[in-house]
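Input: a single structure, listed below in structure tokens.
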Amino acid sequence: MEKNEQKETAIPCLSRDLSWVNFNERVLNEGLRRELPLLERIRFLSIVSTNFDEFFMIRVAALKRLAKTETGKSIDICGLTAEQQLREISLKVHSIIKKQYDCLREEIFPGLAKNGLSLLRPDSWSVPQLDFLDTFFAGHIYPVLTPLRLEPDKPMPFIESRSLNAAFLLEPDRAPSSTAADVHDELKVVVPLPKILNRLVWLPGFDNMSANAEGDKEKFCFALLEDVIVTWGGYLFPGYRIKESMVFKINRDADFSVDEQRDEDFVEAMVEVLEGRERADVIRMVYSPGSDKLRDELARRYLLADIPDSNESFRFADDYLYEVDGPINPVDFMELSNAASFEDLIEKPWKIYKSADFNEETSIWDRISQGDCLLHLPYQSFDPVIRFFQDAASDPQVVSIRTALYRTGGAIPGIGINSGSSGFSPVVRALEQAALNGKHVTAVVELKARFDEERNISWANRLEKAGVIVVYGLSNLKVHSKITMVMRRENERIKRYVHLSTGNYNYRTAKYYEDICLFTCREDIAYDAGLIFNMLTGYSVVQQMMRLTIAPAGLKRRFLELIEREANRAKHEYPSRIMAKMNALTDIDIIKALYAASRAGVKISLCVRGICTLIPGIPDISENIRVISVVDHYLEHSRIYYFSNGGAEELYLASADWMLRNLEKRVEILFPVQDEKLRAELIDVLNAYFRDNCQASLLDRESNWTRLVPAENESLFRVQKEMHSRAAGAGEIPGPAKMEYTVRRSPQAVKNDE
């Protein structure tokens with residue numbers, strides 16, 4: 001046993017979490033590129049911050065718990081203990097955040113100011129601007145603020161994770177009395193920034209709003225809500241003076257799991273998880289400079305400080321405290337991209353093209369009956385997917401719809417500024433309408449989709465009210481599959497139409513997540529789809545399937561068989577090659593199989609967007625493996641797997657990455673592309689990714705990522721631009737310029753509405 005464990009530990013692997021930090025650094029590097037428009041750079045710098053929020057709430061929280069156990073004290077397969085990984089993460093993240101804020105402070109904000117868009121901090125406000133902000137604070141901000149005092153003998157008031165807050169250190173506004181207690185009577189207060197208030201406060205420009213004598217563009221100035229609150233916060237505390245202040249946010253532990261045994265009240269159990277998450281331990285605090293006393297007090301109260309020795313001051317766990325010299329949560333600056341006067345500061349939106357496979361003259365059922373169809377999102381419009389659901393809802397020949405929903409986008413009904421019909425998911429709305437029209441509709445809604453739980457609970461309740469049969473996933477497994485089956489009465493029989501995808505039924509993310517989906521009515525795939533839905537909604541032992549492979553029943557085994565088959569082909573000198581594109585690669589068994597295939601001589605090309613714990617280029621282990629990562633305008637999200645199979649090429653799409661959680665802890669689907677023309681197109685797409693020399697980075701054996709550049713006499717090749725050009729060539733009519741989807745209705749559907 002000990003020998004096996006030692007052999008397992010010897011497998012060359014990188015730390016999963018350090019690899020993820022390296023991915024976020026690649027995102028940062030996009031924001032550091034000076035050739036990009038300023039607001040495009042802000043977009044990438046904002047993604048860095050939001051990514052780190054989730055990373056600390058999930059991965060660091062789990063690592064912190066692990067570090068306190070005996071297991072956490074042992075060396076992981078990557079060669080580090082949990083504590084060592086936490087320390088390495090801290091060093092790397094602090095370095096990344098410093099670069100991020102150096103860029104914001106020294107390049108982004110000065111660059112915006114030169115282009116007529118100035119962020120003014122308090123020391124730059126003019127007298128007229130001070131007068132305006134004083135009035136604005138009194139009339140629009142002060143009435144909705146709630147100061148929360150910090151009392152030594154009472155629990156901390158509730159502070160929401162990721163929200164911005166101002167903290168104040170107060171002293172009585174009077175002459176000190178003779179008692180020492182009065183002299184040192186310092187009070188601490190936290191004021192949460194209300195979400196209802198816009199963080200960007202536009203200032204009257206006075207002489208700035210109009211064009212100057214040289215005819216330059218208009219100039220606009222804005223302040224930050226937190227700066228206004230900190231400056232005029234004294235109004236909240238009559239009788240007291242503000243000695244010090246700071247702005248901060250916290251990240252709470254969100255790595256919670258629901259009690260899977262509570263079948264009868266599973267929704268209630270999920271609500272309890274959400275409530276518990278809001279009160280969970282604090283994992284990290286990000287704060288502005290300004291007050292060591294407030295920082296120390298908050299760090300102590302949130303248990304982010306070491307216990308002091310005797311009378312020494314607190315020794316802080318720097319791993320979880322992040323001081324930033326600039327605005328926290330830079331994602332709010334993306335509001336600037338909506339300003340029409342600054343279109344030259346953003347990258348021109350890429351057109352979304354209509355698929356030539358779908359048109360108004362041919363019903364969607366007739367088109368799918370003619371042969372399989374692929375959509376490559378977001379280069380091609382999400383329209384056909386929405387139309388698939390909407391036409392199914394209104395078509396009198398459709399008798400039943402089955403679907404699995406993970407994330408579908410849209411606002412929570414009745415909650416937030418995007419509530420209402422315009423913000424609600426068109427896919428969910430179509431399912432609701434289908435049930436109201438008398439269709440037999442079944443929706444497997446995964447309530448455990450992280451950070452979408454509340455939205456999915458709301459959708460599930462609304463669907464049930466409309467008459468949809470709602471099933472809340474499976475116990476101990478997340479249903480991560482993206483599959484829908486429509487049953488339609490044709491020629492005195494039921495014909496089944498299936499949609500499978502690498503990405504979610506989310507019309508919002510379909511605008512900027514790269515994914516691929518398949519429409520088919522092949523009987524073998526439809527048969528397998530029926531088995532899958534029966535398994536998800538009822539009881540079923542694992543059935544033998546004809547075309548689809550599912551996790552956790554057999555997907556991992558299937559991948560291992562496909563990899564081993566390539567290795568055997570190579571040993572017998574048959575053509576052998578593996579190409580794969582995914583979001584993450586961490587599964588140890590898959591990595592071992594890839595190492596074995598490499599040793600057998602299989603040429604392996606991997607495009608891994610995020611985490612990759614496999615180490616390429618190690619002599620006699622992985623020297624035939626090449627790993628790249630593409631970070632560009634769109635978020636790479638599709639999963640494509642190619643095996644040359646001695647010349648009888650096979651290509652698969654999947655909802656799953658090569659991760660343990662996907663292969664053993666989720667319901668995932670691997671589906672083949674059987675149409676020869678479509679398969680050839682996707683093989684060409686895969687090859688194109690490995691030609692990218694503009695946005696791709698290469699992983700080396702030292703675990704460093706190096707951005708690729710064209711070799712001498714080599715032409716520039718950017719895969720996302722290539723895919724966009726192909727979509728433009730395939731679709732004659734460009735989609736709406738503002739990237740809004742126009743959903744076409746079939747003539748039959750229009751007739752029924754009338």
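Labeling convention for the structure tokens: chains A, B, ... as they appear, residues from 1 per chain, ligands from 1 in order of appearance.
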
*helix (DSSP H, G or I) call set, DSSP backbone run, range 331-488 of chain A, as a PyMOL selection string*: chain A and resi 331-338+340-345+364-370+383-394+421-423+426-436+453-466

Any chance you could export the current selection's C-alpha atoms as a compact mmCIF listing (two decimals), in the first residue's frame?
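Okay, this is what ended up in selection36.txt:
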# COMPACT_ATOMS: atom_id res chain seq x y z
CA VAL A 331 -15.97 45.78 -12.40
CA ASP A 332 -18.29 48.73 -11.70
CA PHE A 333 -16.26 50.81 -14.15
CA MET A 334 -17.66 48.73 -16.99
CA GLU A 335 -20.63 51.08 -16.83
CA LEU A 336 -18.39 53.54 -18.66
CA SER A 337 -18.54 51.39 -21.78
CA ASN A 338 -22.19 52.37 -22.17
CA ALA A 340 -21.84 56.79 -26.39
CA SER A 341 -19.23 59.54 -26.32
CA PHE A 342 -16.44 57.06 -25.66
CA GLU A 343 -16.94 54.39 -28.31
CA ASP A 344 -13.31 54.74 -29.32
CA LEU A 345 -12.27 53.50 -25.86
CA ILE A 364 -36.80 24.00 -37.53
CA TRP A 365 -38.12 20.41 -37.53
CA ASP A 366 -37.77 20.09 -41.29
CA ARG A 367 -34.23 21.46 -41.15
CA ILE A 368 -33.11 19.05 -38.44
CA SER A 369 -34.77 16.19 -40.32
CA GLN A 370 -32.57 17.02 -43.33
CA ASP A 383 -31.44 32.31 -32.04
CA PRO A 384 -32.00 28.73 -33.23
CA VAL A 385 -31.73 27.41 -29.68
CA ILE A 386 -34.38 29.84 -28.44
CA ARG A 387 -36.47 29.08 -31.52
CA PHE A 388 -36.14 25.34 -30.77
CA PHE A 389 -37.84 25.91 -27.41
CA GLN A 390 -40.35 28.50 -28.56
CA ASP A 391 -41.51 26.54 -31.60
CA ALA A 392 -41.81 23.43 -29.44
CA ALA A 393 -43.99 25.41 -27.02
CA SER A 394 -46.39 26.64 -29.73
CA SER A 421 -40.46 40.11 -18.80
CA SER A 422 -37.51 41.66 -20.58
CA GLY A 423 -34.98 40.21 -18.14
CA PRO A 426 -36.54 33.07 -22.93
CA VAL A 427 -35.82 29.37 -22.53
CA VAL A 428 -37.60 29.21 -19.17
CA ARG A 429 -40.43 31.36 -20.50
CA ALA A 430 -40.89 28.98 -23.45
CA LEU A 431 -41.07 25.98 -21.13
CA GLU A 432 -43.64 27.79 -19.03
CA GLN A 433 -45.71 28.58 -22.13
CA ALA A 434 -45.40 25.00 -23.37
CA ALA A 435 -46.91 23.68 -20.13
CA LEU A 436 -49.70 26.28 -20.28
CA GLU A 453 -29.03 28.53 -6.64
CA GLU A 454 -31.44 31.33 -5.76
CA ARG A 455 -32.22 32.05 -9.40
CA ASN A 456 -32.83 28.38 -10.15
CA ILE A 457 -35.13 27.98 -7.14
CA SER A 458 -37.21 30.92 -8.40
CA TRP A 459 -37.41 29.46 -11.90
CA ALA A 460 -38.34 26.05 -10.56
CA ASN A 461 -41.18 27.49 -8.50
CA ARG A 462 -42.49 29.46 -11.45
CA LEU A 463 -42.29 26.47 -13.79
CA GLU A 464 -44.15 24.28 -11.33
CA LYS A 465 -46.95 26.85 -11.10
CA ALA A 466 -47.29 26.68 -14.89

_When you look at range 31-40 of chain A with a cut-off of 12 Å (counting only C-alpha atoms), what residues show up, excluding the ones that are within fewer than 6 positions of it in the same chain? I need them as JSON, numbers by chain._
{"A": [24, 25, 46, 47, 48, 49, 96, 99, 100, 101, 102, 103, 104, 106, 107, 108, 109, 110, 111, 112, 113, 114, 115, 117, 330, 331, 332, 333, 334, 335, 336, 337, 338, 339, 342, 343, 344, 345, 346, 347, 348, 349, 631, 632, 633, 634, 695]}

Can you write just those residues out, C-alpha atoms, as a short mmCIF file (atom, residue, chain, number, x, y, z; two decimals), in the first residue's frame?
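For reference, again.cif as written:
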data_model
loop_
_atom_site.label_atom_id
_atom_site.label_comp_id
_atom_site.auth_asym_id
_atom_site.auth_seq_id
_atom_site.Cartn_x
_atom_site.Cartn_y
_atom_site.Cartn_z
CA ASN A 24 -5.93 34.46 -13.78
CA GLU A 25 -2.52 35.96 -14.41
CA SER A 46 -12.25 43.55 -13.64
CA ILE A 47 -12.46 39.86 -14.48
CA VAL A 48 -9.28 39.36 -12.45
CA SER A 49 -11.01 40.76 -9.36
CA ILE A 96 -0.91 39.87 -9.43
CA LYS A 99 0.33 44.66 -11.04
CA GLN A 100 -3.40 45.07 -11.54
CA TYR A 101 -3.62 48.21 -9.41
CA ASP A 102 -0.36 49.66 -10.69
CA CYS A 103 -1.90 49.42 -14.16
CA LEU A 104 -5.19 50.99 -13.07
CA GLU A 106 -0.64 54.58 -13.63
CA GLU A 107 -2.12 53.76 -17.05
CA ILE A 108 -5.89 53.24 -17.12
CA PHE A 109 -7.19 56.22 -15.17
CA PRO A 110 -4.65 58.72 -16.61
CA GLY A 111 -5.46 57.36 -20.07
CA LEU A 112 -9.17 57.82 -19.54
CA ALA A 113 -8.56 61.38 -18.33
CA LYS A 114 -6.63 62.19 -21.51
CA ASN A 115 -9.64 60.98 -23.45
CA LEU A 117 -13.22 60.75 -18.89
CA PRO A 330 -13.22 47.70 -10.60
CA VAL A 331 -15.97 45.78 -12.40
CA ASP A 332 -18.29 48.73 -11.70
CA PHE A 333 -16.26 50.81 -14.15
CA MET A 334 -17.66 48.73 -16.99
CA GLU A 335 -20.63 51.08 -16.83
CA LEU A 336 -18.39 53.54 -18.66
CA SER A 337 -18.54 51.39 -21.78
CA ASN A 338 -22.19 52.37 -22.17
CA ALA A 339 -21.28 56.02 -22.71
CA PHE A 342 -16.44 57.06 -25.66
CA GLU A 343 -16.94 54.39 -28.31
CA ASP A 344 -13.31 54.74 -29.32
CA LEU A 345 -12.27 53.50 -25.86
CA ILE A 346 -13.94 50.12 -26.31
CA GLU A 347 -13.37 47.36 -28.80
CA LYS A 348 -15.98 47.47 -31.52
CA PRO A 349 -18.55 44.72 -30.84
CA VAL A 631 -7.37 33.87 -23.60
CA ASP A 632 -9.07 36.33 -25.93
CA HIS A 633 -12.17 38.43 -26.57
CA TYR A 634 -14.56 35.53 -25.91
CA GLN A 695 -3.56 34.98 -28.10
#

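For the pair CA of Thr442 in chain A and CA of Val486 in chain A, the interatomic distance is 10.5 Å.
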
_Which residues are close to range 551-567 of chain A, i.e. within 9 Å by only C-alpha atoms, leaving aside same-chain residues fewer than 2 positions away? Reply as a PyMOL selection string._
chain A and resi 477+542+549+569-572+574-578+589-590+593-594+596-602+643-646+656+658+660+662-670

*Skipping near chain neighbours, those fewer than 4 positions away, what residues fall within 8 Å of range 243-250 of chain A using only C-alpha atoms, listed as a PyMOL selection string?*
chain A and resi 160-171+226+230+282-291+294+328

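Between Leu303 in chain A and the candidates A:Asn506, A:Met156, A:Lys721, A:Glu702, the tightest atom-to-atom separation, counting only C-alpha atoms, involves A:Met156.
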
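Residues in contact with range 59-64 of chain A at 9 Å, where only C-alpha atoms are counted and same-chain residues fewer than 4 positions away are skipped, are listed as Asp17, Glu54, Phe55, Lys68, Gly72, Ala82, Glu83, Gln85, Leu86, Ile89, Arg252, Asp253, Ala254, Asp255, Asp281, Val282 and Ile283 of chain A.
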
_Under the rule that only C-alpha atoms are counted, which of A:Val685, A:Leu66, A:Val27, A:Ala443 is the nearest residue to Arg609 in chain A?_
A:Val27

*asked:* At a cut-off of 9 Å, using only C-alpha atoms, what residues contact range 197-203 of chain A? Leave out same-chain residues fewer than 2 positions from it and give the result as a PyMOL selection string.
replied: chain A and resi 129+132-133+140-141+144+193-195+205-206+220-226+228+332-333+335

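Looking only at range 43-221 of chain A, the set that DSSP places in strand (DSSP E or B) from backbone geometry is Leu117, Ser118, Leu119, Leu148, Arg149, Leu150, Asn165, Ala166, Ala167, Phe168, Leu169, Leu170, Glu171, Pro172, Leu187, Lys188, Val189, Val190, Val191, Pro192, Leu200, Val201, Trp202, Leu203, Phe220 and Cys221 of chain A.
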
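Across A:Ala299, A:Val608, A:Leu699, A:Leu686, the tightest approach to Ile640 in chain A is made by A:Leu686 when counting only C-alpha atoms.
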
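Omitting Ile532 in chain A and its sequence neighbours fewer than 3 positions away, and counting only C-alpha atoms, the residues within 10 Å are Ser481, Ile483, Ala526, Tyr527, Asp528, Ala529, Met535, Leu536, Thr537, Gly538, Ser540, Val542, Gln543, Met545, Leu548, Thr549, Ile550, Val667 and Ile669 of chain A.
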
Serialized selection, N, CA, C and O atoms, as an mmCIF file, in the first residue's frame:
data_model
loop_
_atom_site.group_PDB
_atom_site.id
_atom_site.type_symbol
_atom_site.label_atom_id
_atom_site.label_comp_id
_atom_site.auth_asym_id
_atom_site.auth_seq_id
_atom_site.Cartn_x
_atom_site.Cartn_y
_atom_site.Cartn_z
ATOM 1 N N SER A 481 -25.222 18.162 -17.393
ATOM 2 C CA SER A 481 -25.477 17.890 -18.804
ATOM 3 C C SER A 481 -26.286 19.018 -19.430
ATOM 4 O O SER A 481 -27.084 19.671 -18.763
ATOM 5 N N ILE A 483 -28.831 19.089 -22.305
ATOM 6 C CA ILE A 483 -29.566 18.242 -23.230
ATOM 7 C C ILE A 483 -31.051 18.578 -23.181
ATOM 8 O O ILE A 483 -31.602 18.848 -22.112
ATOM 9 N N ALA A 526 -31.415 9.791 -30.040
ATOM 10 C CA ALA A 526 -32.690 10.041 -29.373
ATOM 11 C C ALA A 526 -33.012 8.924 -28.380
ATOM 12 O O ALA A 526 -33.527 9.180 -27.283
ATOM 13 N N TYR A 527 -32.714 7.694 -28.753
ATOM 14 C CA TYR A 527 -32.938 6.565 -27.843
ATOM 15 C C TYR A 527 -32.111 6.740 -26.572
ATOM 16 O O TYR A 527 -32.616 6.584 -25.455
ATOM 17 N N ASP A 528 -30.836 7.079 -26.740
ATOM 18 C CA ASP A 528 -29.968 7.285 -25.578
ATOM 19 C C ASP A 528 -30.452 8.448 -24.724
ATOM 20 O O ASP A 528 -30.416 8.388 -23.487
ATOM 21 N N ALA A 529 -30.908 9.521 -25.380
ATOM 22 C CA ALA A 529 -31.414 10.680 -24.635
ATOM 23 C C ALA A 529 -32.598 10.283 -23.765
ATOM 24 O O ALA A 529 -32.731 10.736 -22.613
ATOM 25 N N MET A 535 -33.356 8.059 -16.377
ATOM 26 C CA MET A 535 -32.449 7.915 -15.241
ATOM 27 C C MET A 535 -32.525 9.139 -14.330
ATOM 28 O O MET A 535 -32.510 9.026 -13.099
ATOM 29 N N LEU A 536 -32.630 10.332 -14.931
ATOM 30 C CA LEU A 536 -32.633 11.563 -14.145
ATOM 31 C C LEU A 536 -33.927 11.765 -13.365
ATOM 32 O O LEU A 536 -33.926 12.390 -12.301
ATOM 33 N N THR A 537 -35.028 11.254 -13.895
ATOM 34 C CA THR A 537 -36.321 11.528 -13.262
ATOM 35 C C THR A 537 -36.901 10.336 -12.509
ATOM 36 O O THR A 537 -37.813 10.500 -11.710
ATOM 37 N N GLY A 538 -36.401 9.123 -12.788
ATOM 38 C CA GLY A 538 -36.957 7.945 -12.128
ATOM 39 C C GLY A 538 -35.876 7.072 -11.542
ATOM 40 O O GLY A 538 -34.880 7.566 -10.996
ATOM 41 N N SER A 540 -33.338 3.790 -12.517
ATOM 42 C CA SER A 540 -32.851 3.021 -13.657
ATOM 43 C C SER A 540 -31.428 2.557 -13.386
ATOM 44 O O SER A 540 -30.587 3.345 -12.946
ATOM 45 N N VAL A 542 -27.822 1.330 -14.840
ATOM 46 C CA VAL A 542 -27.082 1.852 -15.987
ATOM 47 C C VAL A 542 -27.396 1.012 -17.220
ATOM 48 O O VAL A 542 -27.263 -0.214 -17.209
ATOM 49 N N GLN A 543 -27.848 1.680 -18.269
ATOM 50 C CA GLN A 543 -28.226 1.004 -19.499
ATOM 51 C C GLN A 543 -27.110 1.105 -20.536
ATOM 52 O O GLN A 543 -26.359 2.081 -20.562
ATOM 53 N N MET A 545 -25.762 2.121 -23.874
ATOM 54 C CA MET A 545 -26.163 3.152 -24.816
ATOM 55 C C MET A 545 -25.477 2.947 -26.153
ATOM 56 O O MET A 545 -24.395 2.361 -26.238
ATOM 57 N N LEU A 548 -24.292 7.853 -26.928
ATOM 58 C CA LEU A 548 -23.915 8.780 -25.865
ATOM 59 C C LEU A 548 -23.205 8.041 -24.736
ATOM 60 O O LEU A 548 -23.462 6.857 -24.487
ATOM 61 N N THR A 549 -22.315 8.757 -24.079
ATOM 62 C CA THR A 549 -21.646 8.227 -22.901
ATOM 63 C C THR A 549 -21.857 9.212 -21.766
ATOM 64 O O THR A 549 -21.739 10.423 -21.971
ATOM 65 N N ILE A 550 -22.186 8.712 -20.586
ATOM 66 C CA ILE A 550 -22.498 9.618 -19.486
ATOM 67 C C ILE A 550 -21.577 9.378 -18.298
ATOM 68 O O ILE A 550 -21.058 8.276 -18.094
ATOM 69 N N VAL A 667 -23.350 14.438 -13.499
ATOM 70 C CA VAL A 667 -23.952 13.808 -14.671
ATOM 71 C C VAL A 667 -23.546 14.644 -15.883
ATOM 72 O O VAL A 667 -23.939 15.804 -16.012
ATOM 73 N N ILE A 669 -22.407 14.475 -20.305
ATOM 74 C CA ILE A 669 -22.662 13.730 -21.539
ATOM 75 C C ILE A 669 -21.543 13.981 -22.547
ATOM 76 O O ILE A 669 -21.161 15.121 -22.793
#

_Of the listed residues A:Gly239, A:Pro378, A:Gly530, A:Pro157, that which approaches Tyr497 in chain A most closely, counting only C-alpha atoms_ = A:Gly530

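Between CA of Ile352 in chain A and CA of Ser381 in chain A the separation is 5.7 Å.
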
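Distance check against Met582 in chain A using only C-alpha atoms: of A:Thr502, A:Ser638, A:Ser90, A:Thr403, the minimum falls on A:Ser638.
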
_Å distance separating CA of His376 in chain A from CA of Cys517 in chain A, one decimal place_ = 6.8 Å

*Closest to Lys351 in chain A among A:Asp296, A:Lys511, A:Leu716, A:Leu119, using only C-alpha atoms?*
A:Lys511
